[in-house]
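J.: Coordinates in final-v7.pdb, PDB, C-alpha atoms, are listed below.
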```pdb
ATOM      1  CA  MET A  24     107.006 124.849  -8.380
ATOM      2  CA  ALA A  25     110.554 125.243  -7.073
ATOM      3  CA  LEU A  26     113.014 122.462  -7.794
ATOM      4  CA  THR A  27     114.229 120.570  -4.728
ATOM      5  CA  SER A  28     117.931 120.869  -4.004
ATOM      6  CA  PRO A  29     120.069 117.749  -4.542
ATOM      7  CA  THR A  30     121.368 116.121  -1.368
ATOM      8  CA  SER A  31     124.237 114.067  -2.847
ATOM      9  CA  ARG A  32     127.313 114.895  -4.870
ATOM     10  CA  HIS A  33     126.022 112.745  -7.734
ATOM     11  CA  GLY A  34     122.767 114.697  -7.751
ATOM     12  CA  ALA A  35     124.657 117.996  -7.636
ATOM     13  CA  VAL A  36     126.800 117.032 -10.643
ATOM     14  CA  ALA A  37     123.682 116.032 -12.596
ATOM     15  CA  ARG A  38     121.944 119.320 -11.703
ATOM     16  CA  GLN A  39     125.023 121.330 -12.641
ATOM     17  CA  LYS A  40     125.140 119.607 -16.042
ATOM     18  CA  TRP A  41     121.542 120.705 -16.665
ATOM     19  CA  LEU A  42     122.266 124.281 -15.540
ATOM     20  CA  THR A  43     125.371 124.396 -17.711
ATOM     21  CA  GLY A  44     123.365 123.305 -20.753
ATOM     22  CA  ALA A  45     120.696 125.910 -20.025
ATOM     23  CA  THR A  46     123.371 128.614 -19.660
ATOM     24  CA  ILE A  47     124.957 127.706 -22.983
ATOM     25  CA  GLY A  48     121.636 127.713 -24.841
ATOM     26  CA  TRP A  49     120.359 130.964 -23.326
ATOM     27  CA  ASN A  50     123.583 132.901 -23.792
ATOM     28  CA  PHE A  51     124.178 131.699 -27.334
ATOM     29  CA  VAL A  52     120.829 133.090 -28.483
ATOM     30  CA  GLU A  53     121.253 136.191 -26.316
ATOM     31  CA  GLY A  54     124.743 136.878 -27.664
ATOM     32  CA  VAL A  55     123.751 136.617 -31.318
ATOM     33  CA  VAL A  56     120.750 138.928 -30.844
ATOM     34  CA  ALA A  57     122.688 141.440 -28.713
ATOM     35  CA  ILE A  58     125.652 141.760 -31.051
ATOM     36  CA  ALA A  59     123.396 142.139 -34.097
ATOM     37  CA  ALA A  60     121.280 144.777 -32.320
ATOM     38  CA  GLY A  61     124.385 146.503 -30.943
ATOM     39  CA  VAL A  62     126.027 146.775 -34.353
ATOM     40  CA  ALA A  63     122.777 148.136 -35.830
ATOM     41  CA  ALA A  64     122.443 150.769 -33.066
ATOM     42  CA  GLY A  65     126.161 151.509 -32.639
ATOM     43  CA  SER A  66     125.855 150.665 -28.928
ATOM     44  CA  VAL A  67     129.082 149.673 -27.153
ATOM     45  CA  SER A  68     127.223 148.463 -24.056
ATOM     46  CA  LEU A  69     124.927 146.273 -26.160
ATOM     47  CA  ILE A  70     127.839 144.824 -28.112
ATOM     48  CA  GLY A  71     129.667 144.276 -24.811
ATOM     49  CA  PHE A  72     126.598 142.525 -23.462
ATOM     50  CA  GLY A  73     126.614 140.225 -26.472
ATOM     51  CA  LEU A  74     130.303 139.501 -26.038
ATOM     52  CA  ASP A  75     129.701 138.777 -22.357
ATOM     53  CA  SER A  76     127.114 136.249 -23.452
ATOM     54  CA  GLY A  77     129.777 134.649 -25.635
ATOM     55  CA  ILE A  78     132.154 134.555 -22.676
ATOM     56  CA  GLU A  79     129.369 133.021 -20.580
ATOM     57  CA  VAL A  80     129.100 130.263 -23.190
ATOM     58  CA  SER A  81     132.877 129.794 -23.069
ATOM     59  CA  ALA A  82     132.851 129.608 -19.264
ATOM     60  CA  ALA A  83     130.008 127.093 -19.346
ATOM     61  CA  LEU A  84     131.913 124.973 -21.882
ATOM     62  CA  ILE A  85     135.000 125.140 -19.645
ATOM     63  CA  LEU A  86     132.890 123.950 -16.747
ATOM     64  CA  ALA A  87     131.384 121.172 -18.898
ATOM     65  CA  TRP A  88     134.946 120.067 -19.672
ATOM     66  CA  ARG A  89     135.761 120.114 -15.964
ATOM     67  CA  LEU A  90     132.747 117.912 -15.196
ATOM     68  CA  ALA A  91     133.705 115.531 -18.001
ATOM     69  CA  GLN A  92     137.173 115.222 -16.445
ATOM     70  CA  GLU A  93     135.535 114.376 -13.135
ATOM     71  CA  ARG A  94     133.406 111.638 -14.696
ATOM     72  CA  ARG A  95     136.499 110.051 -16.252
ATOM     73  CA  THR A  96     139.062 110.433 -13.470
ATOM     74  CA  GLY A  97     137.228 111.582 -10.335
ATOM     75  CA  CYS A  98     137.442 115.003  -8.693
ATOM     76  CA  LYS A  99     140.870 116.541  -9.290
ATOM     77  CA  GLN A 100     142.042 119.785  -7.703
ATOM     78  CA  ASP A 101     144.450 120.563 -10.551
ATOM     79  CA  VAL A 102     141.677 120.241 -13.158
ATOM     80  CA  ASP A 103     139.396 122.468 -11.078
ATOM     81  CA  LYS A 104     142.169 125.075 -10.739
ATOM     82  CA  ARG A 105     142.784 125.200 -14.490
ATOM     83  CA  ALA A 106     139.077 125.711 -15.110
ATOM     84  CA  GLN A 107     139.037 128.488 -12.489
ATOM     85  CA  ARG A 108     141.961 130.280 -14.161
ATOM     86  CA  LEU A 109     140.391 130.045 -17.626
ATOM     87  CA  ILE A 110     137.182 131.598 -16.303
ATOM     88  CA  ALA A 111     139.250 134.413 -14.726
ATOM     89  CA  LEU A 112     140.880 135.118 -18.090
ATOM     90  CA  SER A 113     137.461 135.384 -19.724
ATOM     91  CA  PHE A 114     136.526 138.100 -17.198
ATOM     92  CA  ALA A 115     139.748 139.966 -18.037
ATOM     93  CA  ALA A 116     139.112 139.808 -21.792
ATOM     94  CA  LEU A 117     135.633 141.289 -21.344
ATOM     95  CA  ALA A 118     136.950 144.069 -19.086
ATOM     96  CA  LEU A 119     139.642 145.114 -21.552
ATOM     97  CA  TYR A 120     137.463 145.213 -24.643
ATOM     98  CA  VAL A 121     134.427 146.946 -23.156
ATOM     99  CA  GLY A 122     136.558 149.405 -21.164
ATOM    100  CA  ILE A 123     138.569 150.508 -24.188
ATOM    101  CA  GLU A 124     135.545 150.814 -26.457
ATOM    102  CA  SER A 125     133.522 152.701 -23.845
ATOM    103  CA  MET A 126     136.298 155.248 -23.283
ATOM    104  CA  ARG A 127     136.667 155.715 -27.030
ATOM    105  CA  ASP A 128     132.945 156.399 -27.415
ATOM    106  CA  LEU A 129     132.981 158.923 -24.568
ATOM    107  CA  VAL A 130     135.991 160.802 -25.932
ATOM    108  CA  MET A 131     134.708 160.768 -29.516
ATOM    109  CA  ALA A 132     131.102 161.530 -28.438
ATOM    110  CA  ASP A 133     129.945 158.605 -30.561
ATOM    111  CA  ARG A 134     126.154 158.666 -30.165
ATOM    112  CA  PRO A 135     124.397 155.287 -30.352
ATOM    113  CA  GLY A 136     120.921 154.842 -31.795
ATOM    114  CA  GLY A 137     117.955 153.438 -29.892
ATOM    115  CA  SER A 138     117.411 149.696 -29.635
ATOM    116  CA  PRO A 139     113.970 148.439 -28.503
ATOM    117  CA  VAL A 140     115.174 144.880 -29.127
ATOM    118  CA  GLY A 141     118.107 145.473 -26.781
ATOM    119  CA  ILE A 142     115.859 146.899 -24.058
ATOM    120  CA  VAL A 143     113.538 143.889 -24.151
ATOM    121  CA  MET A 144     116.441 141.453 -24.159
ATOM    122  CA  ALA A 145     118.171 143.188 -21.235
ATOM    123  CA  ALA A 146     114.946 143.062 -19.216
ATOM    124  CA  LEU A 147     114.513 139.334 -19.914
ATOM    125  CA  SER A 148     118.106 138.614 -18.949
ATOM    126  CA  LEU A 149     117.745 140.627 -15.738
ATOM    127  CA  ALA A 150     114.768 138.454 -14.828
ATOM    128  CA  VAL A 151     116.403 135.079 -15.626
ATOM    129  CA  MET A 152     120.090 135.320 -14.732
ATOM    130  CA  PRO A 153     119.807 135.803 -10.941
ATOM    131  CA  PHE A 154     117.870 132.534 -10.659
ATOM    132  CA  LEU A 155     120.505 130.640 -12.664
ATOM    133  CA  ALA A 156     123.332 132.139 -10.571
ATOM    134  CA  ARG A 157     121.612 131.282  -7.286
ATOM    135  CA  ALA A 158     121.029 127.694  -8.353
ATOM    136  CA  LYS A 159     124.682 127.270  -9.359
ATOM    137  CA  ARG A 160     126.065 128.776  -6.148
ATOM    138  CA  ARG A 161     124.008 126.366  -4.052
ATOM    139  CA  LEU A 162     125.750 123.450  -5.779
ATOM    140  CA  ALA A 163     129.349 124.704  -5.359
ATOM    141  CA  PRO A 164     129.860 123.699  -1.678
ATOM    142  CA  LEU A 165     128.280 120.275  -2.243
ATOM    143  CA  MET A 166     130.586 119.675  -5.207
ATOM    144  CA  GLY A 167     133.643 121.257  -3.549
ATOM    145  CA  SER A 168     134.309 123.166  -6.763
ATOM    146  CA  ARG A 169     135.710 126.681  -7.017
ATOM    147  CA  ALA A 170     135.128 126.462 -10.782
ATOM    148  CA  VAL A 171     131.385 126.038 -10.231
ATOM    149  CA  GLU A 172     131.390 129.000  -7.835
ATOM    150  CA  ALA A 173     133.365 131.150 -10.298
ATOM    151  CA  GLU A 174     131.009 130.303 -13.151
ATOM    152  CA  ALA A 175     128.042 131.163 -10.925
ATOM    153  CA  LYS A 176     129.627 134.553 -10.210
ATOM    154  CA  GLN A 177     130.006 135.124 -13.923
ATOM    155  CA  THR A 178     126.301 134.401 -14.393
ATOM    156  CA  LEU A 179     125.544 136.905 -11.611
ATOM    157  CA  LEU A 180     127.809 139.436 -13.334
ATOM    158  CA  CYS A 181     125.673 138.944 -16.442
ATOM    159  CA  ALA A 182     122.638 139.918 -14.355
ATOM    160  CA  PHE A 183     124.367 143.108 -13.138
ATOM    161  CA  LEU A 184     125.424 143.784 -16.703
ATOM    162  CA  SER A 185     121.797 143.376 -17.810
ATOM    163  CA  GLY A 186     120.699 145.971 -15.276
ATOM    164  CA  ALA A 187     123.380 148.451 -16.346
ATOM    165  CA  LEU A 188     122.542 147.831 -19.984
ATOM    166  CA  LEU A 189     118.827 148.335 -19.355
ATOM    167  CA  VAL A 190     119.470 151.673 -17.633
ATOM    168  CA  GLY A 191     121.835 152.854 -20.345
ATOM    169  CA  LEU A 192     119.632 151.866 -23.277
ATOM    170  CA  SER A 193     116.485 153.236 -21.628
ATOM    171  CA  ALA A 194     118.127 156.572 -20.742
ATOM    172  CA  ASN A 195     119.388 156.946 -24.303
ATOM    173  CA  ALA A 196     116.027 156.050 -25.852
ATOM    174  CA  ALA A 197     113.799 158.053 -23.489
ATOM    175  CA  LEU A 198     115.979 161.051 -22.618
ATOM    176  CA  GLY A 199     118.568 161.198 -25.377
ATOM    177  CA  TRP A 200     121.393 160.683 -22.885
ATOM    178  CA  TRP A 201     123.862 159.128 -25.358
ATOM    179  CA  TRP A 202     126.625 159.070 -22.744
ATOM    180  CA  ALA A 203     124.628 156.648 -20.586
ATOM    181  CA  ASP A 204     125.544 153.860 -23.024
ATOM    182  CA  PRO A 205     129.359 154.101 -22.692
ATOM    183  CA  LEU A 206     129.023 154.780 -18.952
ATOM    184  CA  ALA A 207     127.126 151.508 -18.643
ATOM    185  CA  GLY A 208     129.975 149.915 -20.572
ATOM    186  CA  LEU A 209     132.542 151.283 -18.107
ATOM    187  CA  PHE A 210     130.534 149.892 -15.199
ATOM    188  CA  ILE A 211     130.506 146.511 -16.898
ATOM    189  CA  ALA A 212     134.269 146.690 -17.525
ATOM    190  CA  ALA A 213     135.028 147.595 -13.890
ATOM    191  CA  ALA A 214     132.904 144.747 -12.541
ATOM    192  CA  ALA A 215     134.479 142.275 -14.952
ATOM    193  CA  GLY A 216     137.982 143.437 -14.018
ATOM    194  CA  TYR A 217     137.276 142.965 -10.316
ATOM    195  CA  GLU A 218     135.946 139.463 -10.886
ATOM    196  CA  ALA A 219     138.971 138.580 -13.047
ATOM    197  CA  VAL A 220     141.379 139.434 -10.216
ATOM    198  CA  HIS A 221     139.190 137.889  -7.510
ATOM    199  CA  THR A 222     138.689 134.618  -9.393
ATOM    200  CA  TRP A 223     142.376 134.316 -10.324
ATOM    201  CA  ARG A 224     143.567 134.829  -6.741
ATOM    202  CA  ALA A 225     140.913 132.747  -4.983
ATOM    203  CA  ASP A 226     141.952 129.665  -3.044
ATOM    204  CA  SER A 227     140.309 126.388  -3.986
ATOM    205  CA  LEU A 228     137.388 125.206  -1.917
ATOM    206  CA  ALA A 229     138.085 122.416   0.541
ATOM    207  CA  ASP A 230     138.363 119.179  -1.400
ATOM    208  CA  THR A 231     135.224 117.262  -0.492
ATOM    209  CA  CYS A 232     135.588 114.352  -2.898
ATOM    210  CA  CYS A 233     139.248 113.341  -2.872
ATOM    211  CA  GLY A 234     141.370 112.063  -0.067
TER     212      GLY A 234
END
```
Kindly transcribe the structure held in the file into structure tokens.
T.:
Amino acid sequence: MALTSPTSRHGAVARQKWLTGATIGWNFVEGVVAIAAGVAAGSVSLIGFGLDSGIEVSAALILAWRLAQERRTGCKQDVDKRAQRLIALSFAALALYVGIESMRDLVMADRPGGSPVGIVMAALSLAVMPFLARAKRRLAPLMGSRAVEAEAKQTLLCAFLSGALLVGLSANAALGWWWADPLAGLFIAAAAGYEAVHTWRADSLADTCCG
């Protein structure tokens, strides 16, 4: 049964707290498994996926801090802007690392091994993350928070990343296309770089809670 959407700001804040907790829990487990599997297989895209999960946890913690500030002092545009900028920096960090490592693997022809664990995990993430992102984006206008919208976009990026990872890992395992793994990494890096710039430059949403 689908959850009903909150109709008040108080309800939206409470729902966002639940979604933030779910994001932290999911991505923590996902990140640990992905990095371990990526190191074992020598897969840059799988390691990048795990690091993205860590950045997702960081972004969710930033947003939790932003909500805690709101509970103590009310909605503040300056607090929201700082949270937005920190999330943008997390996108940039992911883009730099995965882009550099992917290019290195392509140039050096570093062939990753297969990872059935990674394939299953990528498929699960691809199924779950779009629902989390959609739920978060529905709350952003009600809360008047660009930080909530930016964190929702990062969750959606994780879904795109899952799809790219699934294609890369599957092509390597089924067809022996080793280069599909670093190409998936480059796709991830490009998407993360775009979101870093977009999130950093975005104007704040109209302030719906402060005069």
J.: How many Å separate atom CA of Ala115 of chain A from atom CA of Pro139 of chain A?
T.: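 So the answer is 29.1 Å.
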J.: Extract, using all atoms listed in the file, all DNA, RNA and protein residues at most 9 Å from segment 75-85 of chain A, discarding same-chain residues fewer than 3 positions from it, and format them as a VMD selection string.
T.: chain A and resid 43 to 44 46 to 55 57 70 to 72 88 to 90 106 to 107 109 to 110 113 to 114 116 to 117 170 174 177 to 178 181 184
J.: As a check of understanding, name the residues that the PyMOL selection byres ((chain A and resi 142-147) around 7) selects in the supplied structure, as a list in words.
T.: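 Applying the expression gives Ser138, Pro139, Val140, Gly141, Ser148, Leu149, Ala150, Val151, Ser185, Leu188, Leu189, Leu192 and Ser193 of chain A.
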J.: Decode the PyMOL selection byres ((chain A and resi 213) around 12) for the given file into explicit residues and return them as a PDB file with C-alpha atoms, keeping the file's coordinate frame.
T.:
```
ATOM      1  CA  PHE A 114     136.526 138.100 -17.198  1.00  0.00           C
ATOM      2  CA  ALA A 115     139.748 139.966 -18.037  1.00  0.00           C
ATOM      3  CA  ALA A 116     139.112 139.808 -21.792  1.00  0.00           C
ATOM      4  CA  LEU A 117     135.633 141.289 -21.344  1.00  0.00           C
ATOM      5  CA  ALA A 118     136.950 144.069 -19.086  1.00  0.00           C
ATOM      6  CA  LEU A 119     139.642 145.114 -21.552  1.00  0.00           C
ATOM      7  CA  TYR A 120     137.463 145.213 -24.643  1.00  0.00           C
ATOM      8  CA  VAL A 121     134.427 146.946 -23.156  1.00  0.00           C
ATOM      9  CA  GLY A 122     136.558 149.405 -21.164  1.00  0.00           C
ATOM     10  CA  ILE A 123     138.569 150.508 -24.188  1.00  0.00           C
ATOM     11  CA  SER A 125     133.522 152.701 -23.845  1.00  0.00           C
ATOM     12  CA  LEU A 180     127.809 139.436 -13.334  1.00  0.00           C
ATOM     13  CA  PHE A 183     124.367 143.108 -13.138  1.00  0.00           C
ATOM     14  CA  LEU A 184     125.424 143.784 -16.703  1.00  0.00           C
ATOM     15  CA  ALA A 187     123.380 148.451 -16.346  1.00  0.00           C
ATOM     16  CA  LEU A 206     129.023 154.780 -18.952  1.00  0.00           C
ATOM     17  CA  ALA A 207     127.126 151.508 -18.643  1.00  0.00           C
ATOM     18  CA  GLY A 208     129.975 149.915 -20.572  1.00  0.00           C
ATOM     19  CA  LEU A 209     132.542 151.283 -18.107  1.00  0.00           C
ATOM     20  CA  PHE A 210     130.534 149.892 -15.199  1.00  0.00           C
ATOM     21  CA  ILE A 211     130.506 146.511 -16.898  1.00  0.00           C
ATOM     22  CA  ALA A 212     134.269 146.690 -17.525  1.00  0.00           C
ATOM     23  CA  ALA A 214     132.904 144.747 -12.541  1.00  0.00           C
ATOM     24  CA  ALA A 215     134.479 142.275 -14.952  1.00  0.00           C
ATOM     25  CA  GLY A 216     137.982 143.437 -14.018  1.00  0.00           C
ATOM     26  CA  TYR A 217     137.276 142.965 -10.316  1.00  0.00           C
ATOM     27  CA  GLU A 218     135.946 139.463 -10.886  1.00  0.00           C
ATOM     28  CA  ALA A 219     138.971 138.580 -13.047  1.00  0.00           C
ATOM     29  CA  VAL A 220     141.379 139.434 -10.216  1.00  0.00           C
TER      30      VAL A 220
END
```
J.: In Å, how far is it from atom CA of Lys40 of chain A to atom CA of Arg108 of chain A?
T.: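 Computed distance, atom CA of Lys40 of chain A to atom CA of Arg108 of chain A, equals 20.0 Å.
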J.: May I ask for the distance between atom CA of Arg224 of chain A and atom CA of Lys159 of chain A, given in Å to one decimal place?
T.: 20.5 Å
J.: With distances taken over all atoms listed in the file, which of A:Lys104, A:Arg127, A:Lys176, A:His221 is nearest to Met152 of chain A?
T.: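 Among A:Lys104, A:Arg127, A:Lys176, A:His221, it is A:Lys176 that comes nearest to Met152 of chain A.
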J.: Check which residues satisfy the PyMOL selection byres ((chain A and resi 65) around 8) in the file shown, then give them as a PDB file with C-alpha atoms, in the coordinates of the input.
T.:
```pdb
ATOM      1  CA  GLY A  61     124.385 146.503 -30.943  1.00  0.00           C
ATOM      2  CA  VAL A  62     126.027 146.775 -34.353  1.00  0.00           C
ATOM      3  CA  ALA A  63     122.777 148.136 -35.830  1.00  0.00           C
ATOM      4  CA  ALA A  64     122.443 150.769 -33.066  1.00  0.00           C
ATOM      5  CA  SER A  66     125.855 150.665 -28.928  1.00  0.00           C
ATOM      6  CA  VAL A  67     129.082 149.673 -27.153  1.00  0.00           C
ATOM      7  CA  ARG A 134     126.154 158.666 -30.165  1.00  0.00           C
ATOM      8  CA  PRO A 135     124.397 155.287 -30.352  1.00  0.00           C
ATOM      9  CA  GLY A 136     120.921 154.842 -31.795  1.00  0.00           C
TER      10      GLY A 136
END
```
